[in-house]
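Source file: coords_9.cif (mmCIF, C-alpha atoms (C1' of nucleotides))
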```cif
data_query
#
loop_
_atom_site.label_atom_id
_atom_site.label_comp_id
_atom_site.auth_asym_id
_atom_site.auth_seq_id
_atom_site.Cartn_x
_atom_site.Cartn_y
_atom_site.Cartn_z
CA MET B 1 4.61 6.99 -20.61
CA THR B 2 5.99 9.91 -22.49
CA THR B 3 6.46 12.84 -20.15
CA THR B 4 3.17 14.46 -21.00
CA HIS B 5 1.96 17.39 -18.96
CA ARG B 6 -0.47 16.02 -16.43
CA SER B 7 -4.03 16.74 -17.45
CA PRO B 8 -6.67 17.15 -14.77
CA ALA B 9 -8.14 13.92 -13.47
CA LEU B 10 -11.43 12.86 -14.93
CA VAL B 11 -13.17 10.33 -12.76
CA ALA B 12 -15.61 8.16 -14.70
CA ASP B 13 -17.79 5.65 -12.95
CA SER B 14 -18.35 3.20 -15.77
CA VAL B 15 -16.85 2.12 -19.04
CA GLU B 16 -19.68 3.84 -20.85
CA ALA B 17 -19.09 7.11 -19.06
CA ALA B 18 -15.41 6.87 -19.95
CA VAL B 19 -16.25 6.13 -23.57
CA GLU B 20 -18.51 9.15 -23.60
CA ALA B 21 -15.63 11.30 -22.37
CA LEU B 22 -13.48 9.95 -25.18
CA ARG B 23 -16.14 10.72 -27.79
CA GLU B 24 -16.41 14.26 -26.56
CA ARG B 25 -12.78 14.73 -27.44
CA GLY B 26 -13.12 13.21 -30.88
CA LEU B 27 -11.50 9.96 -29.83
CA ARG B 28 -12.92 6.64 -30.93
CA ALA B 29 -14.23 3.79 -28.89
CA SER B 30 -12.29 0.94 -30.40
CA ALA B 31 -12.48 -2.59 -29.09
CA ALA B 32 -8.92 -2.41 -27.81
CA ARG B 33 -9.66 0.81 -25.99
CA ARG B 34 -12.78 -0.60 -24.36
CA LEU B 35 -10.75 -3.60 -23.33
CA VAL B 36 -8.22 -1.70 -21.30
CA LEU B 37 -11.02 0.35 -19.81
CA GLU B 38 -12.89 -2.81 -18.82
CA ALA B 39 -9.77 -4.30 -17.32
CA LEU B 40 -9.08 -1.20 -15.30
CA PHE B 41 -12.67 -0.95 -14.09
CA GLY B 42 -12.50 -4.54 -12.93
CA ALA B 43 -9.10 -4.24 -11.29
CA GLU B 44 -8.21 -4.22 -7.63
CA GLY B 45 -5.02 -2.29 -7.77
CA PRO B 46 -2.75 -0.78 -10.41
CA LEU B 47 -1.76 -3.03 -13.29
CA SER B 48 1.18 -3.23 -15.67
CA ALA B 49 0.67 -2.81 -19.40
CA GLU B 50 2.04 -6.30 -19.81
CA ARG B 51 -0.66 -7.84 -17.68
CA LEU B 52 -3.31 -5.83 -19.44
CA ALA B 53 -2.07 -7.02 -22.83
CA GLU B 54 -2.05 -10.59 -21.64
CA GLY B 55 -5.75 -10.37 -20.86
CA LEU B 56 -5.39 -10.58 -17.09
CA GLU B 57 -4.65 -14.27 -17.00
CA GLY B 58 -7.44 -15.22 -19.37
CA ARG B 59 -10.20 -13.11 -17.86
CA LEU B 60 -10.22 -10.91 -20.94
CA PRO B 61 -9.05 -11.36 -24.53
CA ARG B 62 -5.40 -10.60 -24.97
CA SER B 63 -4.34 -7.67 -27.06
CA ASP B 64 -1.31 -6.06 -28.56
CA LEU B 65 1.17 -4.65 -26.07
CA ALA B 66 2.08 -1.60 -28.14
CA SER B 67 -1.59 -0.73 -28.50
CA VAL B 68 -2.15 -1.14 -24.82
CA TYR B 69 0.64 1.33 -24.17
CA ARG B 70 -0.76 3.75 -26.71
CA ASN B 71 -4.22 3.50 -25.25
CA LEU B 72 -3.01 3.95 -21.73
CA GLU B 73 -1.20 7.01 -22.90
CA THR B 74 -4.21 8.58 -24.54
CA LEU B 75 -6.46 7.65 -21.63
CA GLU B 76 -3.96 9.31 -19.38
CA GLU B 77 -3.96 12.42 -21.54
CA VAL B 78 -7.71 12.56 -21.27
CA GLY B 79 -7.32 12.26 -17.51
CA LEU B 80 -9.15 8.96 -17.14
CA VAL B 81 -6.04 7.01 -16.19
CA ARG B 82 -2.96 7.59 -14.05
CA HIS B 83 0.22 5.61 -13.60
CA VAL B 84 2.70 5.11 -10.78
CA HIS B 85 6.28 3.93 -10.59
CA LEU B 86 6.56 1.76 -7.55
CA GLY B 87 10.29 1.16 -7.49
CA HIS B 88 11.90 -0.86 -10.25
CA GLY B 89 9.72 -2.91 -12.55
CA PRO B 90 7.12 -1.67 -15.00
CA GLY B 91 4.90 1.33 -14.51
CA LEU B 92 1.46 0.49 -13.12
CA TYR B 93 -1.78 1.93 -14.39
CA ALA B 94 -5.12 2.56 -12.75
CA LEU B 95 -8.26 4.55 -13.31
CA ALA B 96 -8.08 8.10 -12.09
CA ALA B 97 -9.72 8.00 -8.71
CA PRO B 98 -10.26 10.34 -5.82
CA GLU B 99 -6.64 11.15 -5.10
CA HIS B 100 -4.53 8.78 -3.12
CA GLU B 101 -0.81 8.44 -2.73
CA TYR B 102 1.62 5.60 -2.26
CA LEU B 103 4.15 4.51 0.31
CA VAL B 104 6.50 1.73 -0.74
CA CYS B 105 8.89 -0.32 1.35
CA GLU B 106 12.34 -0.30 -0.13
CA SER B 107 13.13 -3.60 1.47
CA CYS B 108 10.09 -5.87 1.07
CA HIS B 109 8.37 -3.79 -1.61
CA ALA B 110 5.12 -3.70 0.29
CA VAL B 111 2.81 -1.01 -1.06
CA ARG B 112 0.49 1.02 1.05
CA SER B 113 -1.89 3.46 -0.53
CA VAL B 114 -3.33 6.26 1.54
CA ALA B 115 -5.81 9.05 0.92
CA LYS B 116 -4.25 12.32 -0.14
CA GLU B 117 -5.47 14.07 2.99
CA GLU B 118 -3.59 11.68 5.21
CA LEU B 119 -0.42 13.20 3.85
CA ASP B 120 -1.50 16.80 3.93
CA GLU B 121 0.16 17.61 7.20
CA ILE B 122 3.44 16.16 6.03
CA ARG B 123 3.00 17.98 2.75
CA GLY B 124 2.58 21.14 4.76
CA GLN B 125 5.85 20.54 6.59
CA VAL B 126 7.72 19.91 3.38
CA LEU B 127 6.27 23.03 1.85
CA GLU B 128 7.25 25.09 4.82
CA ARG B 129 10.80 23.78 5.03
CA PHE B 130 11.69 23.45 1.36
CA GLY B 131 9.06 25.24 -0.65
CA PHE B 132 8.39 21.94 -2.42
CA GLU B 133 4.90 20.63 -2.82
CA ALA B 134 5.34 16.90 -2.28
CA ARG B 135 3.40 14.54 -4.51
CA PHE B 136 3.42 10.80 -3.90
CA THR B 137 1.03 9.90 -6.68
CA HIS B 138 3.40 9.35 -9.58
CA PHE B 139 6.46 8.41 -7.56
CA PRO B 140 5.81 7.04 -4.10
CA LEU B 141 7.22 7.92 -0.76
CA VAL B 142 9.93 5.31 -0.29
CA GLY B 143 11.18 3.97 2.99
CA LEU B 144 11.10 1.07 5.37
CA CYS B 145 7.75 -0.38 6.39
CA PRO B 146 7.05 -1.24 10.03
CA ASP B 147 7.91 -4.92 9.55
CA CYS B 148 11.23 -4.18 7.92
CA ILE B 149 12.13 -1.59 10.51
CA GLU B 150 11.65 -4.25 13.12
CA GLU B 151 13.55 -6.82 11.16
CA SER B 152 16.49 -4.49 10.72
CA ARG B 153 16.39 -3.75 14.42
CA ASP B 154 16.65 -7.47 15.14
CA HIS B 155 19.63 -7.99 12.87
CA GLU B 156 21.42 -4.78 13.63
CA GLY B 157 24.77 -5.47 15.15
CA GLY B 158 23.67 -9.04 15.80
CA PRO B 159 24.86 -11.06 18.81
CA ASN B 160 28.22 -9.29 18.76
CA ALA B 161 27.12 -5.68 18.74
CA HIS B 162 29.46 -3.55 20.82
CA PRO B 163 31.73 -6.45 21.90
CA MET A 1 21.88 -2.07 -10.07
CA THR A 2 20.76 -5.43 -8.86
CA THR A 3 18.68 -5.14 -5.71
CA THR A 4 21.56 -5.80 -3.38
CA HIS A 5 21.14 -5.33 0.34
CA ARG A 6 22.51 -1.94 1.19
CA SER A 7 25.90 -2.17 2.85
CA PRO A 8 26.95 0.53 5.27
CA ALA A 9 28.43 3.62 3.71
CA LEU A 10 32.19 3.87 3.62
CA VAL A 11 33.34 7.41 3.06
CA ALA A 12 36.79 7.61 1.48
CA ASP A 13 38.51 10.90 0.92
CA SER A 14 40.79 10.00 -1.96
CA VAL A 15 41.16 7.46 -4.72
CA GLU A 16 44.02 5.88 -2.81
CA ALA A 17 41.96 5.53 0.34
CA ALA A 18 39.22 3.92 -1.69
CA VAL A 19 41.66 1.55 -3.33
CA GLU A 20 42.95 0.62 0.09
CA ALA A 21 39.44 -0.24 1.18
CA LEU A 22 39.09 -2.46 -1.87
CA ARG A 23 42.33 -4.24 -1.15
CA GLU A 24 41.25 -4.94 2.37
CA ARG A 25 38.35 -6.90 0.96
CA GLY A 26 40.45 -8.89 -1.47
CA LEU A 27 39.33 -6.80 -4.42
CA ARG A 28 41.79 -5.65 -7.03
CA ALA A 29 42.69 -2.16 -8.10
CA SER A 30 42.31 -2.52 -11.84
CA ALA A 31 42.73 0.37 -14.20
CA ALA A 32 39.03 0.37 -15.01
CA ARG A 33 38.18 0.46 -11.34
CA ARG A 34 40.52 3.34 -10.65
CA LEU A 35 38.99 5.17 -13.57
CA VAL A 36 35.48 5.18 -12.23
CA LEU A 37 36.82 6.12 -8.82
CA GLU A 38 38.72 9.03 -10.32
CA ALA A 39 35.71 10.17 -12.26
CA LEU A 40 33.54 10.08 -9.19
CA PHE A 41 36.07 11.90 -7.07
CA GLY A 42 36.25 14.63 -9.67
CA ALA A 43 32.51 14.89 -10.18
CA GLU A 44 30.19 17.65 -9.12
CA GLY A 45 27.01 15.67 -8.80
CA PRO A 46 25.82 12.13 -9.49
CA LEU A 47 26.71 10.67 -12.89
CA SER A 48 25.22 8.05 -15.16
CA ALA A 49 27.18 4.91 -16.02
CA GLU A 50 26.94 5.93 -19.64
CA ARG A 51 28.71 9.21 -19.02
CA LEU A 52 31.35 7.47 -16.94
CA ALA A 53 31.99 4.97 -19.72
CA GLU A 54 32.26 7.73 -22.25
CA GLY A 55 35.09 9.26 -20.27
CA LEU A 56 33.21 12.37 -19.16
CA GLU A 57 33.37 14.10 -22.51
CA GLY A 58 37.02 13.39 -23.07
CA ARG A 59 38.31 14.32 -19.65
CA LEU A 60 39.16 10.68 -18.97
CA PRO A 61 39.79 7.66 -21.19
CA ARG A 62 36.62 5.91 -22.19
CA SER A 63 35.91 2.42 -20.96
CA ASP A 64 33.56 -0.46 -21.39
CA LEU A 65 29.98 0.21 -20.28
CA ALA A 66 29.41 -3.27 -18.87
CA SER A 67 32.57 -3.02 -16.82
CA VAL A 68 31.57 0.36 -15.54
CA TYR A 69 28.28 -1.10 -14.37
CA ARG A 70 30.04 -4.03 -12.74
CA ASN A 71 32.50 -1.77 -11.02
CA LEU A 72 29.83 0.58 -9.79
CA GLU A 73 28.03 -2.43 -8.42
CA THR A 74 31.01 -3.76 -6.53
CA LEU A 75 31.96 -0.30 -5.28
CA GLU A 76 28.43 0.04 -4.07
CA GLU A 77 28.62 -3.30 -2.30
CA VAL A 78 31.73 -2.15 -0.56
CA GLY A 79 29.88 0.97 0.46
CA LEU A 80 32.06 3.44 -1.39
CA VAL A 81 29.39 4.36 -3.91
CA ARG A 82 25.64 4.97 -3.87
CA HIS A 83 23.12 5.50 -6.64
CA VAL A 84 19.87 7.41 -6.96
CA HIS A 85 16.93 7.23 -9.32
CA LEU A 86 15.93 10.76 -10.04
CA GLY A 87 12.77 10.19 -12.03
CA HIS A 88 12.99 8.57 -15.46
CA GLY A 89 16.35 8.20 -17.14
CA PRO A 90 19.35 6.22 -15.99
CA GLY A 91 20.41 5.71 -12.40
CA LEU A 92 23.00 8.17 -11.19
CA TYR A 93 26.06 7.25 -9.17
CA ALA A 94 28.13 9.18 -6.67
CA LEU A 95 30.65 8.55 -3.95
CA ALA A 96 29.15 7.68 -0.63
CA ALA A 97 29.16 10.91 1.30
CA PRO A 98 27.88 12.14 4.62
CA GLU A 99 24.22 11.31 4.13
CA HIS A 100 22.07 13.57 2.10
CA GLU A 101 18.74 13.11 0.43
CA TYR A 102 17.13 14.37 -2.75
CA LEU A 103 14.11 16.42 -3.67
CA VAL A 104 13.17 16.43 -7.34
CA CYS A 105 10.73 18.61 -9.19
CA GLU A 106 8.32 16.53 -11.20
CA SER A 107 7.77 19.37 -13.61
CA CYS A 108 11.16 20.97 -14.35
CA HIS A 109 13.28 18.11 -12.99
CA ALA A 110 15.31 20.41 -10.80
CA VAL A 111 17.22 18.48 -8.16
CA ARG A 112 17.85 19.73 -4.69
CA SER A 113 19.98 17.77 -2.31
CA VAL A 114 19.69 18.36 1.39
CA ALA A 115 21.43 17.02 4.45
CA LYS A 116 19.73 14.06 6.07
CA GLU A 117 19.03 16.00 9.25
CA GLU A 118 17.03 18.58 7.38
CA LEU A 119 14.48 15.90 6.75
CA ASP A 120 14.50 14.36 10.17
CA GLU A 121 11.48 16.20 11.44
CA ILE A 122 9.47 15.18 8.42
CA ARG A 123 10.79 11.66 8.80
CA GLY A 124 9.53 11.76 12.34
CA GLN A 125 6.06 12.77 11.20
CA VAL A 126 5.92 10.01 8.63
CA LEU A 127 7.06 7.48 11.18
CA GLU A 128 4.45 8.60 13.63
CA ARG A 129 1.57 8.57 11.13
CA PHE A 130 2.42 5.52 9.07
CA GLY A 131 5.14 3.60 10.84
CA PHE A 132 7.27 4.05 7.73
CA GLU A 133 10.81 5.26 7.98
CA ALA A 134 11.12 7.53 4.96
CA ARG A 135 14.34 7.44 2.95
CA PHE A 136 14.97 9.87 0.12
CA THR A 137 18.46 8.68 -0.69
CA HIS A 138 17.75 6.02 -3.27
CA PHE A 139 14.45 7.39 -4.54
CA PRO A 140 13.91 11.10 -4.01
CA LEU A 141 11.06 13.02 -2.58
CA VAL A 142 9.13 14.07 -5.68
CA GLY A 143 6.98 17.14 -6.00
CA LEU A 144 6.77 20.63 -7.39
CA CYS A 145 9.63 23.03 -6.77
CA PRO A 146 8.93 26.62 -5.74
CA ASP A 147 9.27 27.95 -9.29
CA CYS A 148 6.88 25.41 -10.73
CA ILE A 149 4.37 25.96 -7.96
CA GLU A 150 4.35 29.60 -8.89
CA GLU A 151 4.15 28.88 -12.57
CA SER A 152 1.20 26.58 -12.09
CA ARG A 153 -0.47 29.25 -9.99
CA ASP A 154 -0.06 31.73 -12.84
CA HIS A 155 -1.59 29.45 -15.45
CA GLU A 156 -4.27 27.95 -13.29
CA GLY A 157 -7.69 28.81 -14.65
CA GLY A 158 -6.11 31.44 -16.88
CA PRO A 159 -7.94 34.56 -18.06
CA ASN A 160 -11.24 32.68 -18.29
CA ALA A 161 -11.41 31.05 -14.90
CA HIS A 162 -14.97 30.91 -13.62
CA PRO A 163 -16.51 32.56 -16.73
"C1'" DA Z 1 58.83 -14.75 -13.03
"C1'" DC Z 2 54.71 -17.88 -12.26
"C1'" DG Z 3 50.38 -19.46 -11.24
"C1'" DT Z 4 45.81 -18.49 -10.23
"C1'" DA Z 5 41.88 -16.06 -9.32
"C1'" DA Z 6 39.78 -11.53 -10.28
"C1'" DT Z 7 38.55 -8.49 -14.13
"C1'" DT Z 8 37.96 -6.96 -18.59
"C1'" DG Z 9 35.98 -6.33 -23.15
"C1'" DC Z 10 32.99 -7.89 -26.35
"C1'" DG Z 11 28.77 -9.46 -28.01
"C1'" DA Z 12 24.43 -11.02 -27.20
"C1'" DG Z 13 20.26 -10.99 -24.35
"C1'" DT Z 14 16.57 -8.96 -21.35
"C1'" DC Z 15 12.96 -5.86 -19.92
"C1'" DG Z 16 10.06 -2.01 -20.42
"C1'" DT Z 17 8.64 1.00 -23.73
"C1'" DT Z 18 8.27 3.50 -28.22
"C1'" DC Z 19 8.10 3.94 -33.31
"C1'" DG Z 20 7.07 3.20 -38.34
"C1'" DC Z 21 3.91 1.64 -41.32
"C1'" DA Z 22 0.53 -0.79 -43.97
"C1'" DA Z 23 -3.91 -2.91 -43.06
"C1'" DA Z 24 -8.14 -2.67 -40.57
"C1'" DA Z 25 -11.63 -0.44 -37.93
"C1'" DA Z 26 -14.65 3.68 -36.56
"C1'" DC Z 27 -17.18 7.45 -37.31
"C1'" DT Z 28 -19.38 10.88 -40.85
"C1'" DA Z 29 -21.68 12.44 -44.81
"C1'" DG Z 30 -24.49 11.40 -48.41
"C1'" DC M 1 -26.26 1.30 -46.57
"C1'" DT M 2 -22.05 2.93 -48.96
"C1'" DA M 3 -18.04 5.75 -49.46
"C1'" DG M 4 -14.81 8.51 -47.75
"C1'" DT M 5 -11.94 10.16 -44.18
"C1'" DT M 6 -9.33 9.51 -40.03
"C1'" DT M 7 -8.20 6.97 -36.19
"C1'" DT M 8 -6.53 3.01 -34.45
"C1'" DT M 9 -4.57 -1.48 -34.73
"C1'" DG M 10 -1.13 -5.12 -35.06
"C1'" DC M 11 3.16 -6.30 -36.32
"C1'" DG M 12 8.00 -6.01 -36.31
"C1'" DA M 13 11.85 -3.42 -35.44
"C1'" DA M 14 14.30 -0.14 -32.46
"C1'" DC M 15 15.56 1.92 -28.19
"C1'" DG M 16 17.48 2.87 -23.48
"C1'" DA M 17 19.21 0.93 -19.46
"C1'" DC M 18 21.07 -2.72 -17.97
"C1'" DT M 19 22.82 -7.68 -17.28
"C1'" DC M 20 25.14 -11.98 -18.64
"C1'" DG M 21 28.34 -15.48 -20.72
"C1'" DC M 22 32.74 -16.28 -21.84
"C1'" DA M 23 37.35 -16.29 -23.54
"C1'" DA M 24 41.29 -13.28 -23.05
"C1'" DT M 25 43.71 -10.28 -19.80
"C1'" DT M 26 45.61 -8.55 -15.77
"C1'" DA M 27 46.59 -8.02 -10.81
"C1'" DC M 28 48.39 -9.78 -7.04
"C1'" DG M 29 50.69 -13.45 -3.65
"C1'" DT M 30 54.64 -16.29 -3.51
#
```
structure tokens encoding of this file:
Amino acid sequence: MTTTHRSPALVADSVEAAVEALRERGLRASAARRLVLEALFGAEGPLSAERLAEGLEGRLPRSDLASVYRNLETLEEVGLVRHVHLGHGPGLYALAAPEHEYLVCESCHAVRSVAKEELDEIRGQVLERFGFEARFTHFPLVGLCPDCIEESRDHEGGPNAHP
Amino acid sequence: MTTTHRSPALVADSVEAAVEALRERGLRASAARRLVLEALFGAEGPLSAERLAEGLEGRLPRSDLASVYRNLETLEEVGLVRHVHLGHGPGLYALAAPEHEYLVCESCHAVRSVAKEELDEIRGQVLERFGFEARFTHFPLVGLCPDCIEESRDHEGGPNAHP
DNA sequence: ACGTAATTGCGAGTCGTTCGCAAAAACTAG
DNA sequence: CTAGTTTTTGCGAACGACTCGCAATTACGT
């Protein structure tokens, strides 16, 4: 997770296609490499390196954690993989996919992922007001989710508010 | 930095006022405690626990890192202190102040802090679209700052774009 | 000044991640 | 297929940012 300059995303649609992309850059298709690729292709959401190394609860052979990290890093350099930091806890990795961004609830840690375009209007506002181009792909937009807003409304002040 | 439920901010305007607030809660005004308070009152921006413990490059006596963390935690529970996670690197602590939020550049790591109200319109948009109440106080809004937008525009494609 | 609970300082431990390095693959050339 | 060259692996150790246990202090109420 070294702060490497973000390379353009490279969306592969199969392990073999990804391996091909690696070969084109003079990288080798080692077993360990294929393994993390397979895991990511079979995954629902983003995964921690730890879980990858552990073989996804037995669904794949386990491998060395340091190697998993190294492979994730090189796959990320190639553009095949991206990672997010959803709050505390380990970084989470996923295949590069048509861009989406994350919203995370600070209170219950619920994660919602939305298509990039859904945030474009907000991005426009931020750009206009601050000159910043907001990106919620690597670090999410953090806040309170609907449920937790409601919950905090319930508790706020409690029975003795404004006595 | 345990995930403690955020207590309401308590803005003190001097070390003594802060100490008073501690006393009211049955907490003691130890030397170590005063020290971090003094450091924070004299600080420009948010500081890491490490820097606090090291005595701010000799401007204050150095103290024990674990105690600094514990004190920051209790001060935060009281509401006198807040911390932010500006990207990778350690959490940064500051006195609770009239609310402001952070924008951080993912590329050059520049930090801009803005008054809460400046983000209210954007917050409104996010709430409307996603039901999330965005908060950029604990985790910042991450993106590209004006300079880095321009820089990326310059390099994009380069001399051989669309050959 | 005394007793007692809050705090400190220290060392050790944890979690997430990175590094060094020799041994083991992978690709390439012959 | 065999060697040679380079990449990659697997292991253990190290690192940064914290957190914890615990005996020794210290702050405060009386």
Give one line per residue of chain A that approaches chain B to at most 10 Å, naming the two atoms of the closest pair and their distance in Å to one decimal, counting only C-alpha atoms; sort by chain then ascending residue number and deliver it as CSV.
```
residue,atom,partner,partner_atom,distance
A:Thr3,CA,B:Ser107,CA,9.2
A:Thr4,CA,B:Ser107,CA,10.0
A:His5,CA,B:Ser107,CA,8.3
A:Arg6,CA,B:Ser107,CA,9.5
A:His85,CA,B:Gly87,CA,9.2
A:Gly87,CA,B:Phe139,CA,7.9
A:His88,CA,B:Thr3,CA,9.1
A:Leu103,CA,B:Phe132,CA,8.0
A:Val104,CA,B:Phe132,CA,8.8
A:Cys105,CA,B:Phe132,CA,7.9
A:Glu106,CA,B:Arg135,CA,8.5
A:Ser107,CA,B:His5,CA,8.1
A:Arg112,CA,B:Phe130,CA,9.4
A:Val114,CA,B:Phe130,CA,9.5
A:Glu118,CA,B:Arg129,CA,8.4
A:Leu119,CA,B:Val126,CA,8.6
A:Glu121,CA,B:Gln125,CA,8.6
A:Ile122,CA,B:Ile122,CA,6.6
A:Arg123,CA,B:Ile122,CA,9.1
A:Gly124,CA,B:Ile122,CA,9.8
A:Gln125,CA,B:Ile122,CA,6.7
A:Val126,CA,B:Ile122,CA,7.1
A:Leu127,CA,B:Pro146,CA,8.8
A:Arg129,CA,B:Glu118,CA,8.4
A:Phe130,CA,B:Pro146,CA,8.2
A:Gly131,CA,B:Pro146,CA,5.3
A:Phe132,CA,B:Cys145,CA,4.7
A:Glu133,CA,B:Leu144,CA,4.9
A:Ala134,CA,B:Gly143,CA,4.1
A:Arg135,CA,B:Gly143,CA,4.7
A:Phe136,CA,B:Val142,CA,6.8
A:Thr137,CA,B:Val142,CA,9.2
A:His138,CA,B:Val142,CA,8.4
A:Phe139,CA,B:Val142,CA,6.5
A:Pro140,CA,B:Val142,CA,8.0
A:Leu141,CA,B:Leu141,CA,6.6
A:Val142,CA,B:Ala134,CA,5.8
A:Gly143,CA,B:Ala134,CA,4.1
A:Leu144,CA,B:Glu133,CA,4.9
A:Cys145,CA,B:Phe132,CA,4.7
A:Pro146,CA,B:Gly131,CA,5.3
A:Asp147,CA,B:Gly131,CA,9.1
A:Cys148,CA,B:Phe132,CA,9.1
A:Ile149,CA,B:Glu133,CA,7.4
```
**OP:** Can you turn the PyMOL selection byres ((chain B) within 10 of (chain Z)) into a concrete residue list for this file, as a ChimeraX atom specification?
**Re:** /B:1-2,26-31,49-50,65-66,69-70,89-91
Subject >> Contact set, chain M to chain A: 10 Å, all atoms listed in the file, as a list in words >> reply: DG16, DA17, DC18, DT19, DC20, DT26, DA27 and DC28 of chain M
Let's have the selection written as an mmCIF file, in the frame of the given file, with C-alpha atoms (C1' of nucleotides).
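Wrote it out as selection.cif, contents follow:
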```cif
data_model
loop_
_atom_site.group_PDB
_atom_site.id
_atom_site.type_symbol
_atom_site.label_atom_id
_atom_site.label_comp_id
_atom_site.auth_asym_id
_atom_site.auth_seq_id
_atom_site.Cartn_x
_atom_site.Cartn_y
_atom_site.Cartn_z
ATOM 1 C "C1'" DG M 16 17.480 2.870 -23.480
ATOM 2 C "C1'" DA M 17 19.210 0.930 -19.460
ATOM 3 C "C1'" DC M 18 21.070 -2.720 -17.970
ATOM 4 C "C1'" DT M 19 22.820 -7.680 -17.280
ATOM 5 C "C1'" DC M 20 25.140 -11.980 -18.640
ATOM 6 C "C1'" DT M 26 45.610 -8.550 -15.770
ATOM 7 C "C1'" DA M 27 46.590 -8.020 -10.810
ATOM 8 C "C1'" DC M 28 48.390 -9.780 -7.040
#
```
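Atom pair atom CA of Lys116 of chain B / atom CA of Glu101 of chain B has a distance of 5.8 Å (rounded to one decimal).
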Taking the file as I've supplied it (selection: the PyMOL selection byres ((chain M and resi 11) around 9)), which residues are included? Please answer as a compact mmCIF listing (two decimals) with C-alpha atoms (C1' of nucleotides), in the coordinates of the input.
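So the final result, stored in selection_0.txt, reads:
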```txt
# COMPACT_ATOMS: atom_id res chain seq x y z
CA ASP B 64 -1.31 -6.06 -28.56
C1' DG M 10 -1.13 -5.12 -35.06
C1' DG M 12 8.00 -6.01 -36.31
```
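The two atoms in question, atom CA of Pro98 of chain A and atom CA of Ala21 of chain A, are spaced 17.3 Å apart.
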Original post:
Any idea what the distance is between atom CA of Ala39 of chain A and atom CA of Ser7 of chain A?
Top reply: 21.8 Å
Original post:
Once the PyMOL selection byres ((chain A and resi 16) around 12) has been applied to the shown file, what residues remain in the selection, as a list in words?
Top reply: Ala12, Asp13, Ser14, Val15, Ala17, Ala18, Val19, Glu20, Ala21, Leu22, Arg23, Ala29, Arg33, Arg34, Leu35, Leu37, Glu38 and Phe41 of chain A
